[in-house]
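Let me begin by presenting the structure, written as C-alpha cells, before commenting on it.
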Amino acid sequence: MGLLNLFAKSAPTLLRLPTGSFTVDREGKVLSGTLPSSFPAPVVRDIARQVLATFSEAAAAQLPLAELIIHYPSLKITARELRGGAIVFLAPKAPASPMSRGNSLLL
Amino acid sequence: MERRPRILLADDDPDLLELYREMLAQLPGQPEIHTAVGGARALTMLETEPYQVLICDLKMPKLDGLQVLAIVRRKYPDLRTVALTAEVDEQFRSRAYALGVDLFWTKPATEHETRLFLECVASLLGRETEVGFRGVQTRSLMDIVQMECLSRSSAVLRITNGALGGKIWIQDGELVDAEAPGLEGEAAFHRILSWKAGNFEMLPAEPSRPRQIYKPYNALLLESAQALDEAHAGLAAADAPPPPPSPLAQVSRVEGVEFVLALPADAPGEHAARGLENPERMAAWTRQSLERFRALGDHLGAGALDRIEGFGPQRHVALTTQGATEFCVGWKNTLAPDEVREQMQKVLALWAS
C-alpha cells in the first residue's frame, strides 16, 4: 500500500439531487411522495416551506400564482398550487460541462 | 518583492490536508498553503484573507463541498476553485461545473495523476484574473475562436454573460453560425464578441447545423475588433456622459410585457418600475423570492439560481438577476411558458444593450 492510497477515505455522503415529487398541505406537512428515502426529509420540508411561502406572499402581493418553476443549472423545481398546499416536482438537469479536450488545455 | 500565491485547502480529514500541503508546497512559486478543516472554517478563512485558489473536498459533514463552492462562487467570483472528490459520479461532476468550478478532479490515486493534478493547480495559479471568459481557461473570446479555427476544430462554443446566452458553431475550422438573444448569424457573432466577460463551454460539434455565416473567421474577428475599438474610442472621446437611457421604457414595449420592475441588488430600498401601481409590494416579494431560492440552491448544491417563473390566472411573472440588477417582469397570461422564456431573453438583451 502506497502513501497515495490515503486519498481514498470514507466520508459523509453527498446529497444527490433526486427525481420525484411530493405533495404538501397548506401547513407544510408532507403528505406523500415518490422521492427516494435517501433524500433527507428536512430538505424536503425546507423546499416545501419555501414554495408555500412564495405562493402565499405572491397572493398577498395581488399576484395569485398557480405554478412556480425554479430553474437552477442542476435542478428544476416545479410546484403547482393545490388548495393551499402544493405538489412539487424535482428534476435534476445535467448541464453541459467542458469536454475533456478543454481540460487538456491545462495539462 | 513579489507576493507568493496563496492556496486554501478544505477537507474534513486533517491527515489528508497535511498530505496535500506537502504536495502543493512543491509547486513553482512556492505558494503559501493554508488548510481548513471543514467547509465552515474555509468560508471563515476566505473572509479574513485573500486567496488565489480554493481546493475543496466535496464530501464534508455539515457543509458539503458543493454548498461551499456555491457560496464561494457568489461571494468571491475571482477565486479559482477546484473540486476534489473520491466519488466518481457524473451528477456531482455536472453540478460542480454548473457551480462554475475551474477544475473537477477525482482524488489522485497514482503518481501520474498526482503530477497532472499539480500541473493543473500550477496552471490555475498562473492565470490572470482580469476580464476574460471563464471556462477551462481565462482568455479573450477572440483568442478562443481564433484558436479553435486555426486548429481546424469542430465544436460548439456556448457563451453565457449573466442571464444572456449565445452559441457559436465551428465546423472544420470555419465559423458556421452564431446565435444570441434575438440575433442569428454574423450579427449574433458580433454581439457575442462585444461581451467583455462571461463563461464559455465547449460542446460537441453539430455538423448538421445549417450554415449562416460565410465570411472567413479572420475577417469577422477583424470586424468585431474594429467595432469594439471604435466603441471604446467613442466613449473615451465623449466630453459629456451620454444622455441617460430609458431602458425600462424600451423593455416595457416588448410584446407581452405587462409590467417591469428593476431592483438594484446593492440598494435594497430602491426600485424602478413601469406598469405597476404599487411597486413596493411586488419589489418586496421579488427580493424575498430571489433570496429564498438562492439560499435553497446553495443548500442543495444545485448551482446559482437562474430564474423563477410563475404562472397565474391573471398574469405570469419571471424573476431573474442580471449583473447588479434584479428583475421582475409581468407577462400577459395568454403567453405560453416557452413564450415567456423567449420574451424574457429579449427583455434581458435589451437591458444589457
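Residue numbers start at 1 in each chain; chains themselves are named A, B, ... in the order of the C-alpha cells; ligands are numbered from 1 in the order shown.
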
Determine, for each residue of chain B having at least one atom at most 7 Å from an atom of chain A, the closest pair of atoms and their separation in Å to one decimal, counting only C-alpha atoms; order by chain and ascending number, as CSV.
```
residue,atom,partner,partner_atom,distance
B:Leu16,CA,A:Phe7,CA,6.9
B:Lys59,CA,A:Pro12,CA,5.6
B:Met60,CA,A:Pro12,CA,5.8
B:Pro61,CA,A:Pro12,CA,5.7
B:Asp64,CA,A:Leu14,CA,7.0
B:Ala86,CA,A:Ala8,CA,6.3
B:Ser94,CA,A:Pro95,CA,6.0
B:Arg95,CA,A:Ser74,CA,5.7
B:Tyr97,CA,A:Ser97,CA,6.0
B:Ala98,CA,A:Pro73,CA,5.6
B:Lys107,CA,A:Phe7,CA,6.2
B:Pro108,CA,A:Phe7,CA,7.0
B:Ala109,CA,A:Leu4,CA,5.7
B:Thr110,CA,A:Leu4,CA,6.6
B:Leu116,CA,A:Leu107,CA,6.7
B:Glu119,CA,A:Leu107,CA,6.3
B:Cys120,CA,A:Leu106,CA,5.8
B:Ser123,CA,A:Leu106,CA,6.4
B:Val136,CA,A:Gly102,CA,6.1
B:Glu201,CA,A:Pro98,CA,5.3
B:Met202,CA,A:Pro98,CA,5.4
B:Leu203,CA,A:Met99,CA,6.7
B:Arg281,CA,A:Ala61,CA,5.7
B:Met282,CA,A:Ala61,CA,6.0
B:Trp285,CA,A:Glu57,CA,6.6
B:Ser289,CA,A:Thr54,CA,6.2
B:Arg292,CA,A:Gln50,CA,6.8
B:Ala302,CA,A:Ser74,CA,5.0
B:Gly303,CA,A:Pro73,CA,5.5
B:Ala304,CA,A:Tyr72,CA,6.2
B:Leu305,CA,A:Tyr72,CA,4.9
B:Asp306,CA,A:Tyr72,CA,5.2
B:Arg307,CA,A:His71,CA,5.3
B:Ile308,CA,A:Ile70,CA,4.5
B:Glu309,CA,A:Ile69,CA,5.0
B:Gly310,CA,A:Leu68,CA,4.5
B:Phe311,CA,A:Glu67,CA,5.1
B:Gly312,CA,A:Leu65,CA,4.0
B:Pro313,CA,A:Leu65,CA,6.9
```

Run DSSP on the backbone and give me the residues of region 53-231 of chain B it puts in strand (DSSP E or B), as number ranges by chain. B: 53-57, 80-85, 103-106, 133-134, 138-139, 155-161, 164-171, 174-180, 183-184, 198-203

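Once Thr23 (chain A) and its same-chain neighbours fewer than 6 positions away are set aside, Val30, Leu31, Ser32, Gly33, Ala86, Ile87 and Val88 of chain A remain within 7 Å of it when counting only C-alpha atoms.
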
Next, dump the selected residues to file, keeping only N, CA and C atoms, as a compact mmCIF listing (two decimals), in the first residue's frame.
```txt
# COMPACT_ATOMS: atom_id res chain seq x y z
N VAL A 30 -45.71 17.20 4.77
CA VAL A 30 -45.56 16.39 3.56
C VAL A 30 -46.50 15.20 3.65
N LEU A 31 -47.36 15.06 2.63
CA LEU A 31 -48.40 14.03 2.69
C LEU A 31 -47.99 12.76 1.96
N SER A 32 -47.39 12.91 0.81
CA SER A 32 -46.98 11.73 0.06
C SER A 32 -45.85 12.12 -0.87
N GLY A 33 -45.15 11.12 -1.38
CA GLY A 33 -44.05 11.47 -2.26
C GLY A 33 -43.43 10.27 -2.94
N ALA A 86 -49.39 22.16 -2.08
CA ALA A 86 -48.71 22.15 -3.38
C ALA A 86 -48.26 20.73 -3.72
N ILE A 87 -48.11 20.50 -5.00
CA ILE A 87 -47.40 19.29 -5.45
C ILE A 87 -46.11 19.79 -6.07
N VAL A 88 -45.02 19.20 -5.67
CA VAL A 88 -43.70 19.70 -6.07
C VAL A 88 -42.94 18.60 -6.81
```

DSSP alpha helix (DSSP H) selection over region 59-242 of chain B, as a count of residues only: 75

Need to verify the contact set: Gln322 (chain B), 12 Å, only C-alpha atoms, exclusion of same-chain residues closer than 4 positions in sequence. Can you return it as a list in words? Thr160, Asn161, Gly162, Ala163, Leu164, Gly165, Ala262, Leu263, Pro264, Ala265, Leu305, Asp306, Arg307, Glu326, Phe327, Cys328, Met344, Gln345, Val347, Leu348, Ala349, Leu350, Trp351 and Ala352 of chain B

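The spacing separating CA of Leu193 (chain B) from CA of Glu174 (chain B) amounts to 16.3 Å.
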
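Taking CA of Ile170 (chain B) as the reference point, CA of Asp338 (chain B) is found at 27.4 Å.
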
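Across the structure, CA of Ala219 (chain B) and CA of Ser154 (chain B) are spaced 18.9 Å apart.
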
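With only C-alpha atoms as the basis for measurement, A:Asp25 is the residue among A:Pro18, A:Pro36, A:Asp25, A:Arg83 that approaches Ala48 (chain A) most closely.
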